[in-house]
$ cat coords-v2.cif   # mmCIF, C-alpha atoms
data_entry
#
loop_
_atom_site.group_PDB
_atom_site.id
_atom_site.type_symbol
_atom_site.label_atom_id
_atom_site.label_comp_id
_atom_site.auth_asym_id
_atom_site.auth_seq_id
_atom_site.Cartn_x
_atom_site.Cartn_y
_atom_site.Cartn_z
ATOM 1 C CA MET T 1 70.128 26.209 -69.319
ATOM 2 C CA VAL T 2 70.131 26.645 -73.051
ATOM 3 C CA LEU T 3 73.798 27.499 -73.002
ATOM 4 C CA THR T 4 74.707 24.355 -71.118
ATOM 5 C CA CYS T 5 72.996 22.110 -73.659
ATOM 6 C CA PRO T 6 73.649 23.634 -77.063
ATOM 7 C CA VAL T 7 74.069 20.332 -78.854
ATOM 8 C CA VAL T 8 70.913 18.849 -77.535
ATOM 9 C CA MET T 9 68.939 21.958 -78.280
ATOM 10 C CA GLY T 10 70.242 21.853 -81.828
ATOM 11 C CA ARG T 11 69.143 18.252 -82.146
ATOM 12 C CA THR T 12 65.702 19.041 -80.947
ATOM 13 C CA ILE T 13 65.290 21.733 -83.536
ATOM 14 C CA ARG T 14 66.688 19.607 -86.345
ATOM 15 C CA ARG T 15 64.262 16.832 -85.546
ATOM 16 C CA ASP T 16 61.348 19.206 -85.682
ATOM 17 C CA ARG T 17 62.304 20.674 -88.996
ATOM 18 C CA THR T 18 61.071 17.581 -90.791
ATOM 19 C CA SER T 19 57.511 18.418 -89.856
ATOM 20 C CA GLU T 20 56.326 21.890 -89.044
ATOM 21 C CA PHE T 21 58.459 23.924 -86.680
ATOM 22 C CA SER T 22 55.692 24.137 -84.153
ATOM 23 C CA ARG T 23 55.263 26.386 -81.180
ATOM 24 C CA ARG T 24 54.452 23.337 -79.102
ATOM 25 C CA ALA T 25 57.801 21.741 -79.925
ATOM 26 C CA VAL T 26 59.641 24.848 -78.802
ATOM 27 C CA LEU T 27 57.612 25.032 -75.622
ATOM 28 C CA GLY T 28 58.178 21.321 -75.027
ATOM 29 C CA ALA T 29 61.928 21.719 -75.385
ATOM 30 C CA GLY T 30 61.800 24.694 -73.048
ATOM 31 C CA ALA T 31 59.886 22.702 -70.467
ATOM 32 C CA LEU T 32 62.381 19.864 -70.618
ATOM 33 C CA LEU T 33 65.291 22.243 -70.262
ATOM 34 C CA ALA T 34 63.617 23.874 -67.284
ATOM 35 C CA LEU T 35 63.195 20.444 -65.762
ATOM 36 C CA GLY T 36 66.881 19.758 -66.340
ATOM 37 C CA GLY T 37 67.660 22.998 -64.546
ATOM 38 C CA ALA T 38 65.669 21.877 -61.547
ATOM 39 C CA ALA T 39 67.535 18.584 -61.455
ATOM 40 C CA GLY T 40 70.908 20.335 -61.422
ATOM 41 C CA PRO T 41 73.312 21.581 -64.052
ATOM 42 C CA LEU T 42 75.248 18.343 -64.354
ATOM 43 C CA THR T 43 72.231 16.160 -64.977
ATOM 44 C CA GLY T 44 70.506 18.697 -67.218
ATOM 45 C CA CYS T 45 72.189 17.513 -70.385
ATOM 46 C CA GLY T 46 71.884 13.863 -69.478
ATOM 47 C CA LEU T 47 68.135 14.244 -69.315
ATOM 48 C CA LEU T 48 67.971 15.155 -72.953
ATOM 49 C CA ASP T 49 70.681 12.866 -74.256
ATOM 50 C CA ARG T 50 69.245 10.831 -77.071
ATOM 51 C CA ASP T 51 70.941 7.611 -76.505
ATOM 52 C CA ASP T 52 69.601 4.809 -78.651
ATOM 53 C CA THR T 53 69.220 2.214 -75.931
ATOM 54 C CA PRO T 54 65.753 2.645 -74.451
ATOM 55 C CA LYS T 55 65.875 3.285 -70.730
ATOM 56 C CA PRO T 56 63.788 0.925 -68.645
ATOM 57 C CA ASP T 57 60.621 2.499 -67.374
ATOM 58 C CA PRO T 58 58.901 1.416 -64.150
ATOM 59 C CA LEU T 59 55.830 0.650 -66.254
ATOM 60 C CA ASP T 60 57.619 -1.727 -68.670
ATOM 61 C CA PRO T 61 56.722 -4.829 -66.607
ATOM 62 C CA LEU T 62 53.079 -3.792 -66.635
ATOM 63 C CA ARG T 63 53.142 -3.443 -70.405
ATOM 64 C CA ASP T 64 54.782 -6.858 -70.810
ATOM 65 C CA GLU T 65 52.149 -8.300 -68.517
ATOM 66 C CA ALA T 66 49.353 -6.718 -70.598
ATOM 67 C CA LEU T 67 50.759 -8.437 -73.693
ATOM 68 C CA ARG T 68 51.056 -11.747 -71.838
ATOM 69 C CA LEU T 69 47.475 -11.491 -70.602
ATOM 70 C CA ALA T 70 46.297 -10.758 -74.149
ATOM 71 C CA ALA T 71 48.290 -13.702 -75.506
ATOM 72 C CA GLY T 72 46.856 -16.013 -72.852
ATOM 73 C CA LEU T 73 43.301 -15.009 -73.722
ATOM 74 C CA ARG T 74 43.910 -15.393 -77.453
ATOM 75 C CA ALA T 75 45.523 -18.812 -77.015
ATOM 76 C CA THR T 76 42.583 -19.955 -74.898
ATOM 77 C CA ALA T 77 40.099 -18.573 -77.435
ATOM 78 C CA ALA T 78 41.891 -20.536 -80.155
ATOM 79 C CA ALA T 79 41.808 -23.745 -78.103
ATOM 80 C CA HIS T 80 38.172 -23.244 -77.030
ATOM 81 C CA PRO T 81 36.412 -21.521 -79.929
ATOM 82 C CA ASP T 82 33.079 -21.365 -78.093
ATOM 83 C CA LEU T 83 34.739 -19.006 -75.580
ATOM 84 C CA ALA T 84 36.130 -16.708 -78.256
ATOM 85 C CA GLY T 85 33.211 -14.265 -78.126
ATOM 86 C CA ARG T 86 33.845 -13.700 -74.425
ATOM 87 C CA LEU T 87 37.620 -13.739 -74.473
ATOM 88 C CA THR T 88 38.451 -11.675 -77.556
ATOM 89 C CA PRO T 89 37.160 -8.321 -76.172
ATOM 90 C CA LEU T 90 39.231 -8.888 -73.042
ATOM 91 C CA ALA T 91 42.352 -9.566 -75.120
ATOM 92 C CA GLU T 92 41.660 -6.385 -77.086
ATOM 93 C CA SER T 93 41.470 -4.392 -73.857
ATOM 94 C CA HIS T 94 44.874 -5.669 -72.754
ATOM 95 C CA GLU T 95 46.304 -4.781 -76.158
ATOM 96 C CA ALA T 96 44.850 -1.283 -75.841
ATOM 97 C CA HIS T 97 46.493 -1.019 -72.409
ATOM 98 C CA ALA T 98 49.840 -2.107 -73.827
ATOM 99 C CA ALA T 99 49.579 0.481 -76.598
ATOM 100 C CA GLU T 100 48.693 3.229 -74.148
ATOM 101 C CA LEU T 101 51.507 2.225 -71.785
ATOM 102 C CA ALA T 102 53.916 2.256 -74.716
ATOM 103 C CA ARG T 103 52.740 5.747 -75.557
ATOM 104 C CA VAL T 104 53.220 7.165 -72.047
ATOM 105 C CA THR T 105 56.564 5.483 -71.518
ATOM 106 C CA GLY T 106 57.801 6.596 -74.940
ATOM 107 C CA ALA T 107 58.488 3.041 -76.073
ATOM 108 C CA THR T 108 58.523 2.656 -79.826
ATOM 109 C CA SER T 109 56.201 -0.228 -80.534
ATOM 110 C CA PRO T 110 55.132 -3.274 -78.578
ATOM 111 C CA SER T 111 57.243 -5.541 -80.754
ATOM 112 C CA GLY T 112 60.105 -3.160 -81.452
ATOM 113 C CA THR T 113 61.690 -3.196 -78.012
ATOM 114 C CA ALA T 114 63.301 -5.697 -75.744
ATOM 115 C CA ALA T 115 59.927 -6.882 -74.481
ATOM 116 C CA PRO T 116 59.878 -10.628 -73.962
ATOM 117 C CA PRO T 117 57.847 -12.567 -76.487
ATOM 118 C CA ALA T 118 54.257 -12.594 -75.326
ATOM 119 C CA THR T 119 53.790 -16.333 -75.407
ATOM 120 C CA ALA T 120 51.247 -17.845 -73.165
ATOM 121 C CA GLY T 121 52.078 -21.540 -73.162
ATOM 122 C CA THR T 122 49.434 -24.101 -73.987
ATOM 123 C CA PRO T 123 46.091 -23.458 -72.325
ATOM 124 C CA PRO T 124 44.480 -26.339 -70.396
ATOM 125 C CA THR T 125 42.279 -28.573 -72.553
ATOM 126 C CA ASP T 126 39.637 -28.605 -69.857
ATOM 127 C CA GLN T 127 37.547 -25.468 -70.299
ATOM 128 C CA ALA T 128 36.906 -24.882 -66.603
ATOM 129 C CA ALA T 129 40.618 -25.221 -65.866
ATOM 130 C CA ALA T 130 41.429 -22.835 -68.693
ATOM 131 C CA LEU T 131 39.074 -20.208 -67.254
ATOM 132 C CA THR T 132 40.522 -20.704 -63.780
ATOM 133 C CA ALA T 133 44.010 -20.082 -65.150
ATOM 134 C CA LEU T 134 42.831 -16.915 -66.900
ATOM 135 C CA ARG T 135 41.169 -15.651 -63.734
ATOM 136 C CA GLN T 136 44.347 -16.248 -61.768
ATOM 137 C CA ALA T 137 46.348 -14.282 -64.329
ATOM 138 C CA GLU T 138 43.862 -11.383 -64.230
ATOM 139 C CA ARG T 139 43.960 -11.360 -60.434
ATOM 140 C CA THR T 140 47.745 -11.140 -60.422
ATOM 141 C CA GLY T 141 47.543 -8.451 -63.093
ATOM 142 C CA ARG T 142 44.978 -6.439 -61.157
ATOM 143 C CA ASP T 143 47.207 -6.475 -58.084
ATOM 144 C CA ALA T 144 50.261 -5.420 -60.084
ATOM 145 C CA ALA T 145 48.354 -2.521 -61.653
ATOM 146 C CA SER T 146 47.030 -1.456 -58.236
ATOM 147 C CA THR T 147 50.552 -1.451 -56.813
ATOM 148 C CA ALA T 148 51.804 0.581 -59.788
ATOM 149 C CA CYS T 149 48.879 2.983 -59.365
ATOM 150 C CA ALA T 150 49.727 3.590 -55.711
ATOM 151 C CA ALA T 151 53.311 4.501 -56.589
ATOM 152 C CA ALA T 152 52.770 6.418 -59.840
ATOM 153 C CA PRO T 153 53.268 10.126 -60.474
ATOM 154 C CA ALA T 154 50.096 12.161 -60.983
ATOM 155 C CA ASP T 155 50.281 12.160 -64.783
ATOM 156 C CA ARG T 156 50.159 8.344 -64.983
ATOM 157 C CA VAL T 157 47.915 7.417 -62.126
ATOM 158 C CA ALA T 158 44.560 7.689 -63.897
ATOM 159 C CA LEU T 159 45.671 5.344 -66.672
ATOM 160 C CA LEU T 160 46.957 2.843 -64.126
ATOM 161 C CA GLY T 161 43.726 3.100 -62.163
ATOM 162 C CA SER T 162 41.748 2.303 -65.301
ATOM 163 C CA ILE T 163 43.996 -0.665 -66.052
ATOM 164 C CA ALA T 164 43.555 -2.032 -62.523
ATOM 165 C CA ALA T 165 39.784 -1.552 -62.825
ATOM 166 C CA ALA T 166 39.712 -3.211 -66.258
ATOM 167 C CA ARG T 167 41.629 -6.244 -65.006
ATOM 168 C CA ALA T 168 39.311 -6.505 -61.986
ATOM 169 C CA SER T 169 36.291 -6.370 -64.292
ATOM 170 C CA HIS T 170 37.861 -9.066 -66.504
ATOM 171 C CA LEU T 171 38.023 -11.255 -63.448
ATOM 172 C CA GLU T 172 34.291 -10.713 -63.037
ATOM 173 C CA ALA T 173 33.612 -11.321 -66.739
ATOM 174 C CA LEU T 174 35.463 -14.659 -66.580
ATOM 175 C CA LYS T 175 33.220 -16.001 -63.792
ATOM 176 C CA MET P 1 39.025 26.573 -39.633
ATOM 177 C CA ARG P 2 38.046 27.036 -43.239
ATOM 178 C CA THR P 3 40.796 26.615 -45.764
ATOM 179 C CA ALA P 4 40.961 27.382 -49.459
ATOM 180 C CA PRO P 5 39.681 24.515 -51.596
ATOM 181 C CA THR P 6 42.483 22.244 -52.719
ATOM 182 C CA LYS P 7 42.561 20.165 -55.880
ATOM 183 C CA THR P 8 41.925 17.094 -53.756
ATOM 184 C CA GLY P 9 39.069 18.833 -51.980
ATOM 185 C CA GLU P 10 37.509 19.848 -55.283
ATOM 186 C CA ALA P 11 37.804 16.355 -56.737
ATOM 187 C CA LEU P 12 36.359 14.792 -53.587
ATOM 188 C CA ALA P 13 33.502 17.317 -53.563
ATOM 189 C CA ALA P 14 32.755 16.416 -57.189
ATOM 190 C CA ALA P 15 32.810 12.717 -56.257
ATOM 191 C CA LEU P 16 30.345 13.489 -53.469
ATOM 192 C CA THR P 17 27.895 15.104 -55.911
ATOM 193 C CA ALA P 18 28.209 11.978 -58.086
ATOM 194 C CA GLU P 19 27.469 9.756 -55.089
ATOM 195 C CA TYR P 20 24.357 11.822 -54.264
ATOM 196 C CA ALA P 21 23.091 11.352 -57.803
ATOM 197 C CA ALA P 22 23.910 7.626 -57.768
ATOM 198 C CA ILE P 23 21.985 7.099 -54.538
ATOM 199 C CA TRP P 24 19.032 8.978 -55.982
ATOM 200 C CA ALA P 25 19.126 6.983 -59.228
ATOM 201 C CA TYR P 26 19.011 3.630 -57.433
ATOM 202 C CA GLY P 27 15.502 4.591 -56.226
ATOM 203 C CA PRO P 28 13.838 4.353 -59.652
ATOM 204 C CA ILE P 29 16.200 1.504 -60.596
ATOM 205 C CA GLY P 30 15.282 -0.613 -57.582
ATOM 206 C CA VAL P 31 11.512 -0.428 -58.116
ATOM 207 C CA ARG P 32 11.857 -1.871 -61.633
ATOM 208 C CA LEU P 33 13.903 -4.869 -60.520
ATOM 209 C CA ALA P 34 12.917 -8.050 -58.727
ATOM 210 C CA GLU P 35 14.498 -10.647 -56.506
ATOM 211 C CA ALA P 36 18.266 -11.069 -56.884
ATOM 212 C CA GLU P 37 18.602 -7.995 -59.075
ATOM 213 C CA ARG P 38 16.708 -5.858 -56.595
ATOM 214 C CA LYS P 39 18.996 -7.133 -53.853
ATOM 215 C CA SER P 40 22.000 -6.177 -55.957
ATOM 216 C CA ALA P 41 20.546 -2.701 -56.419
ATOM 217 C CA VAL P 42 20.045 -2.358 -52.665
ATOM 218 C CA ALA P 43 23.637 -3.458 -52.058
ATOM 219 C CA ALA P 44 24.918 -1.043 -54.705
ATOM 220 C CA GLU P 45 22.954 1.820 -53.193
ATOM 221 C CA ALA P 46 24.363 0.970 -49.762
ATOM 222 C CA ALA P 47 27.889 1.109 -51.171
ATOM 223 C CA HIS P 48 27.229 4.572 -52.610
ATOM 224 C CA ARG P 49 25.719 5.711 -49.293
ATOM 225 C CA GLY P 50 28.808 4.461 -47.476
ATOM 226 C CA ARG P 51 31.063 6.500 -49.771
ATOM 227 C CA ARG P 52 28.799 9.542 -49.477
ATOM 228 C CA ASP P 53 28.964 9.413 -45.664
ATOM 229 C CA ALA P 54 32.735 8.968 -45.644
ATOM 230 C CA LEU P 55 33.171 11.873 -48.066
ATOM 231 C CA MET P 56 30.995 14.187 -45.979
ATOM 232 C CA VAL P 57 33.072 13.431 -42.893
ATOM 233 C CA GLN P 58 36.311 13.768 -44.826
ATOM 234 C CA LEU P 59 35.408 17.081 -46.432
ATOM 235 C CA SER P 60 34.111 18.566 -43.181
ATOM 236 C CA ALA P 61 37.206 17.456 -41.291
ATOM 237 C CA GLY P 62 39.407 19.026 -43.962
ATOM 238 C CA GLY P 63 37.616 22.352 -43.526
ATOM 239 C CA GLY P 64 36.396 22.266 -47.104
ATOM 240 C CA THR P 65 32.976 22.956 -48.515
ATOM 241 C CA VAL P 66 30.548 20.065 -48.405
ATOM 242 C CA PRO P 67 28.296 20.431 -51.452
ATOM 243 C CA PRO P 68 24.613 19.901 -50.647
ATOM 244 C CA ASP P 69 22.462 17.181 -52.157
ATOM 245 C CA ARG P 70 19.707 18.200 -54.562
ATOM 246 C CA ALA P 71 16.050 17.491 -54.194
ATOM 247 C CA GLY P 72 16.001 15.562 -57.443
ATOM 248 C CA TYR P 73 17.969 14.706 -60.544
ATOM 249 C CA THR P 74 17.099 14.335 -64.204
ATOM 250 C CA LEU P 75 17.436 10.813 -65.470
ATOM 251 C CA PRO P 76 19.272 10.465 -68.796
ATOM 252 C CA PHE P 77 16.316 8.457 -70.143
ATOM 253 C CA PRO P 78 12.986 7.277 -68.741
ATOM 254 C CA VAL P 79 13.218 4.236 -66.499
ATOM 255 C CA THR P 80 10.043 2.327 -67.257
ATOM 256 C CA ASP P 81 10.994 -1.335 -67.082
ATOM 257 C CA ARG P 82 13.679 -3.831 -66.099
ATOM 258 C CA ALA P 83 15.743 -3.233 -69.236
ATOM 259 C CA SER P 84 15.925 0.542 -68.811
ATOM 260 C CA ALA P 85 16.594 0.134 -65.073
ATOM 261 C CA LEU P 86 19.566 -2.130 -65.779
ATOM 262 C CA ARG P 87 20.847 0.218 -68.458
ATOM 263 C CA LEU P 88 20.714 3.118 -66.012
ATOM 264 C CA ALA P 89 22.471 1.052 -63.341
ATOM 265 C CA VAL P 90 25.337 0.450 -65.792
ATOM 266 C CA GLN P 91 25.554 4.195 -66.473
ATOM 267 C CA VAL P 92 25.436 5.124 -62.794
ATOM 268 C CA GLU P 93 28.393 2.871 -62.054
ATOM 269 C CA GLU P 94 30.348 4.015 -65.106
ATOM 270 C CA ARG P 95 29.828 7.677 -64.265
ATOM 271 C CA THR P 96 30.629 7.491 -60.573
ATOM 272 C CA ALA P 97 33.747 5.499 -61.500
ATOM 273 C CA ALA P 98 34.828 8.440 -63.673
ATOM 274 C CA PHE P 99 34.597 10.857 -60.740
ATOM 275 C CA TRP P 100 36.763 8.623 -58.574
ATOM 276 C CA ARG P 101 39.262 8.231 -61.392
ATOM 277 C CA ALA P 102 39.516 12.031 -61.439
ATOM 278 C CA VAL P 103 40.377 11.976 -57.730
ATOM 279 C CA LEU P 104 43.446 9.775 -58.351
ATOM 280 C CA PRO P 105 45.894 12.398 -59.709
ATOM 281 C CA THR P 106 45.135 14.786 -56.837
ATOM 282 C CA THR P 107 45.893 12.283 -54.093
ATOM 283 C CA THR P 108 48.618 10.101 -52.629
ATOM 284 C CA GLY P 109 48.728 7.383 -50.016
ATOM 285 C CA ALA P 110 45.525 6.347 -48.258
ATOM 286 C CA GLU P 111 43.374 8.855 -50.157
ATOM 287 C CA ARG P 112 44.584 7.472 -53.452
ATOM 288 C CA ASP P 113 43.889 3.917 -52.272
ATOM 289 C CA GLN P 114 40.372 5.006 -51.383
ATOM 290 C CA ALA P 115 39.813 6.464 -54.857
ATOM 291 C CA LEU P 116 41.228 3.392 -56.597
ATOM 292 C CA ALA P 117 39.055 1.084 -54.496
ATOM 293 C CA ALA P 118 35.962 3.026 -55.588
ATOM 294 C CA LEU P 119 37.000 3.053 -59.262
ATOM 295 C CA VAL P 120 37.671 -0.703 -59.228
ATOM 296 C CA GLU P 121 34.493 -1.557 -57.323
ATOM 297 C CA TYR P 122 32.258 0.493 -59.626
ATOM 298 C CA ALA P 123 33.888 -0.897 -62.755
ATOM 299 C CA VAL P 124 33.260 -4.426 -61.495
ATOM 300 C CA ARG P 125 29.676 -3.589 -60.619
ATOM 301 C CA ALA P 126 29.123 -2.065 -64.059
ATOM 302 C CA THR P 127 30.297 -5.392 -65.506
ATOM 303 C CA ARG P 128 27.779 -7.287 -63.347
ATOM 304 C CA TRP P 129 24.963 -4.989 -64.445
ATOM 305 C CA ARG P 130 25.972 -5.407 -68.090
ATOM 306 C CA ARG P 131 25.755 -9.168 -67.630
ATOM 307 C CA SER P 132 22.252 -8.841 -66.117
ATOM 308 C CA ALA P 133 21.223 -6.536 -68.961
ATOM 309 C CA GLY P 134 22.698 -8.828 -71.614
ATOM 310 C CA ILE P 135 25.030 -6.053 -72.798
ATOM 311 C CA THR P 136 28.211 -7.216 -74.522
ATOM 312 C CA PRO P 137 31.095 -6.867 -74.237
ATOM 313 C CA LEU P 138 30.867 -7.070 -70.467
ATOM 314 C CA THR P 139 33.835 -4.781 -69.941
ATOM 315 C CA VAL P 140 35.346 -1.570 -71.279
ATOM 316 C CA ALA P 141 39.055 -1.099 -71.893
ATOM 317 C CA PHE P 142 39.507 2.021 -69.752
ATOM 318 C CA PRO P 143 36.916 2.198 -66.967
ATOM 319 C CA GLY P 144 36.244 5.765 -65.855
ATOM 320 C CA ARG P 145 38.024 7.388 -68.764
ATOM 321 C CA PRO P 146 36.012 10.232 -70.252
ATOM 322 C CA GLY P 147 34.831 9.860 -73.818
#
$ encode --input "coords-v2.cif" --output "structure tokens"
Amino acid sequence: MVLTCPVVMGRTIRRDRTSEFSRRAVLGAGALLALGGAAGPLTGCGLLDRDDTPKPDPLDPLRDEALRLAAGLRATAAAHPDLAGRLTPLAESHEAHAAELARVTGATSPSGTAAPPATAGTPPTDQAAALTALRQAERTGRDAASTACAAAPADRVALLGSIAAARASHLEALK
Amino acid sequence: MRTAPTKTGEALAAALTAEYAAIWAYGPIGVRLAEAERKSAVAAEAAHRGRRDALMVQLSAGGGTVPPDRAGYTLPFPVTDRASALRLAVQVEERTAAFWRAVLPTTTGAERDQALAALVEYAVRATRWRRSAGITPLTVAFPGRPG
């Protein structure tokens, strides 16, 4: 495999030289090359091609949704300051989910990609209606995370399970 | 026929030991609570019993080892009043949730759905117990995640 991807291998090494040339980096490159081998010789190089356009990941919509949920909670907290103590921790959880999803999908930063702006619209002026809208959004979010969890590979499923559980518990906390 | 323990079997067996401990813990919890909270504790205990029974059937059917229950468990702190009972109830739900989260990566399909349902249910119940106990925030960012 190494011989079929000399350029890519060279790139990997050059990138690592900036920090410490670590054993882990070499092992990581080896693992990726092995994976390329399993996928077939023609796709092996494509796997490692460092093309600058980020490839969509199946979890991107979930990350966008986490940012939208956070924005919705923050907008409602701003419009109804007496709810802020309840809503802010929930917004922070969604932001932590977005950061973790960005990490596992290899996205650069929440704002640095093609993610849609996380605007939430204007929350209802009636407090009860505002909470109802937030609950509806959490319910939809919980279901989306559950669906993603059911379909995810083993290395992502625990994170998605926690996100589904967090969104379900938000629904409870907003009652 | 007895088969070698699989990763799924091991994770489910670990979840079963957590369910045993949860059921046991709801004994001392229940006696310190009254009225609606006691009813919630009874309902929670019933949910853990339901999962215990299903796991025992599942593990036996799969030919795996069914770990035995213990005669007693050590509580993480003394349960002497309503406040400590509620605090323990929160912990019981958080900890059993963690065991079901650990089942997720070893499963697919219906077994994964079963594990997710338990994780979600216990996270929600932990939130309800936090509300009863006056613990804020009511939620954690990553239910079931160790650390």
$ resolve_selection --input "coords-v2.cif" --expression "the PyMOL selection byres ((chain P) within 6 of (chain T))" --output "list in words"
Arg101, Pro105, Val120, Ala123, Val124, Ala141, Phe142 and Pro143 of chain P
$ write_last_selection --input "coords-v2.cif" --atoms "C-alpha atoms" --output "compact mmCIF listing (two decimals), in the coordinates of the input"
# COMPACT_ATOMS: atom_id res chain seq x y z
CA ARG P 101 39.26 8.23 -61.39
CA PRO P 105 45.89 12.40 -59.71
CA VAL P 120 37.67 -0.70 -59.23
CA ALA P 123 33.89 -0.90 -62.76
CA VAL P 124 33.26 -4.43 -61.50
CA ALA P 141 39.06 -1.10 -71.89
CA PHE P 142 39.51 2.02 -69.75
CA PRO P 143 36.92 2.20 -66.97
$ atom_distance --input "coords-v2.cif" --atom1 "CA of Gln114 (chain P)" --atom2 "CA of Leu88 (chain P)"
24.6 Å
$ atom_distance --input "coords-v2.cif" --atom1 "CA of Glu138 (chain T)" --atom2 "CA of Asp82 (chain T)"
20.2 Å
$ resolve_selection --input "coords-v2.cif" --expression "the PyMOL selection byres ((chain P and resi 131) around 12)" --output "ChimeraX atom specification"
/T:86,169,172-175 /P:37,83,86-87,89-90,124-130,132-139
$ atom_distance --input "coords-v2.cif" --atom1 "CA of Ala75 (chain T)" --atom2 "CA of Leu62 (chain T)"
19.8 Å
$ resolve_selection --input "coords-v2.cif" --expression "the PyMOL selection byres ((chain P and resi 97) around 9)" --output "list in words"
Ala15, Val92, Glu93, Glu94, Arg95, Thr96, Ala98, Phe99, Trp100, Arg101, Ala102, Ala118, Leu119, Val120, Glu121, Tyr122, Ala123, Pro143, Gly144 and Arg145 of chain P
$ residues_around --input "coords-v2.cif" --residues "Thr107 (chain P)" --least-positions-apart "4" --cutoff "9 Å" --atoms "only C-alpha atoms" --output "PyMOL selection string"
(chain T and resi 154) or (chain P and resi 7-8+103+111-113+115)
$ write_last_selection --input "coords-v2.cif" --atoms "C-alpha atoms" --output "PDB file, in the coordinates of the input"
ATOM      1  CA  ALA T 154      50.096  12.161 -60.983  1.00  0.00           C
TER       2      ALA T 154
ATOM      3  CA  LYS P   7      42.561  20.165 -55.880  1.00  0.00           C
ATOM      4  CA  THR P   8      41.925  17.094 -53.756  1.00  0.00           C
ATOM      5  CA  VAL P 103      40.377  11.976 -57.730  1.00  0.00           C
ATOM      6  CA  GLU P 111      43.374   8.855 -50.157  1.00  0.00           C
ATOM      7  CA  ARG P 112      44.584   7.472 -53.452  1.00  0.00           C
ATOM      8  CA  ASP P 113      43.889   3.917 -52.272  1.00  0.00           C
ATOM      9  CA  ALA P 115      39.813   6.464 -54.857  1.00  0.00           C
TER      10      ALA P 115
END
$ residues_near_point --input "coords-v2.cif" --point "(58.0, 0.5, -67.3)" --cutoff "12 Å" --atoms "only C-alpha atoms" --output "MDAnalysis selection string"
chainID T and resid 54:66 98 100:107 113:115 145 148 152 156 160
$ write_last_selection --input "coords-v2.cif" --atoms "C-alpha atoms" --output "mmCIF file, in the frame of the given file"
data_model
loop_
_atom_site.group_PDB
_atom_site.id
_atom_site.type_symbol
_atom_site.label_atom_id
_atom_site.label_comp_id
_atom_site.auth_asym_id
_atom_site.auth_seq_id
_atom_site.Cartn_x
_atom_site.Cartn_y
_atom_site.Cartn_z
ATOM 1 C CA PRO T 54 65.753 2.645 -74.451
ATOM 2 C CA LYS T 55 65.875 3.285 -70.730
ATOM 3 C CA PRO T 56 63.788 0.925 -68.645
ATOM 4 C CA ASP T 57 60.621 2.499 -67.374
ATOM 5 C CA PRO T 58 58.901 1.416 -64.150
ATOM 6 C CA LEU T 59 55.830 0.650 -66.254
ATOM 7 C CA ASP T 60 57.619 -1.727 -68.670
ATOM 8 C CA PRO T 61 56.722 -4.829 -66.607
ATOM 9 C CA LEU T 62 53.079 -3.792 -66.635
ATOM 10 C CA ARG T 63 53.142 -3.443 -70.405
ATOM 11 C CA ASP T 64 54.782 -6.858 -70.810
ATOM 12 C CA GLU T 65 52.149 -8.300 -68.517
ATOM 13 C CA ALA T 66 49.353 -6.718 -70.598
ATOM 14 C CA ALA T 98 49.840 -2.107 -73.827
ATOM 15 C CA GLU T 100 48.693 3.229 -74.148
ATOM 16 C CA LEU T 101 51.507 2.225 -71.785
ATOM 17 C CA ALA T 102 53.916 2.256 -74.716
ATOM 18 C CA ARG T 103 52.740 5.747 -75.557
ATOM 19 C CA VAL T 104 53.220 7.165 -72.047
ATOM 20 C CA THR T 105 56.564 5.483 -71.518
ATOM 21 C CA GLY T 106 57.801 6.596 -74.940
ATOM 22 C CA ALA T 107 58.488 3.041 -76.073
ATOM 23 C CA THR T 113 61.690 -3.196 -78.012
ATOM 24 C CA ALA T 114 63.301 -5.697 -75.744
ATOM 25 C CA ALA T 115 59.927 -6.882 -74.481
ATOM 26 C CA ALA T 145 48.354 -2.521 -61.653
ATOM 27 C CA ALA T 148 51.804 0.581 -59.788
ATOM 28 C CA ALA T 152 52.770 6.418 -59.840
ATOM 29 C CA ARG T 156 50.159 8.344 -64.983
ATOM 30 C CA LEU T 160 46.957 2.843 -64.126
#
$ closest_residue --input "coords-v2.cif" --among "T:Thr122, T:Leu131, T:Ala70, T:Asp143" --to "Ala117 (chain P)" --atoms "only C-alpha atoms"
T:Asp143
$ closest_residue --input "coords-v2.cif" --among "P:Ala22, P:Ala61, P:Ile29, P:Leu116" --to "Pro78 (chain P)" --atoms "all atoms listed in the file"
P:Ile29
$ axis_aligned_box --input "coords-v2.cif" --around "region 23-28 of chain P" --padding-each-side "3 Å" --output "AutoDock Vina command-line options"
--center_x 17.9 --center_y 6.3 --center_z -57.1 --size_x 14.1 --size_y 11.3 --size_z 11.1
$ residues_around --input "coords-v2.cif" --residues "Asp53 (chain P)" --least-positions-apart "2" --cutoff "12 Å" --atoms "all atoms listed in the file" --output "short mmCIF file (atom, residue, chain, number, x, y, z; two decimals) with C-alpha atoms, keeping the file's coordinate frame"
data_model
loop_
_atom_site.label_atom_id
_atom_site.label_comp_id
_atom_site.auth_asym_id
_atom_site.auth_seq_id
_atom_site.Cartn_x
_atom_site.Cartn_y
_atom_site.Cartn_z
CA ALA P 15 32.81 12.72 -56.26
CA LEU P 16 30.34 13.49 -53.47
CA THR P 17 27.90 15.10 -55.91
CA GLU P 19 27.47 9.76 -55.09
CA TYR P 20 24.36 11.82 -54.26
CA ILE P 23 21.98 7.10 -54.54
CA ALA P 46 24.36 0.97 -49.76
CA ALA P 47 27.89 1.11 -51.17
CA HIS P 48 27.23 4.57 -52.61
CA ARG P 49 25.72 5.71 -49.29
CA GLY P 50 28.81 4.46 -47.48
CA ARG P 51 31.06 6.50 -49.77
CA LEU P 55 33.17 11.87 -48.07
CA MET P 56 31.00 14.19 -45.98
CA VAL P 57 33.07 13.43 -42.89
CA GLN P 58 36.31 13.77 -44.83
CA LEU P 59 35.41 17.08 -46.43
CA SER P 60 34.11 18.57 -43.18
CA VAL P 66 30.55 20.07 -48.40
#
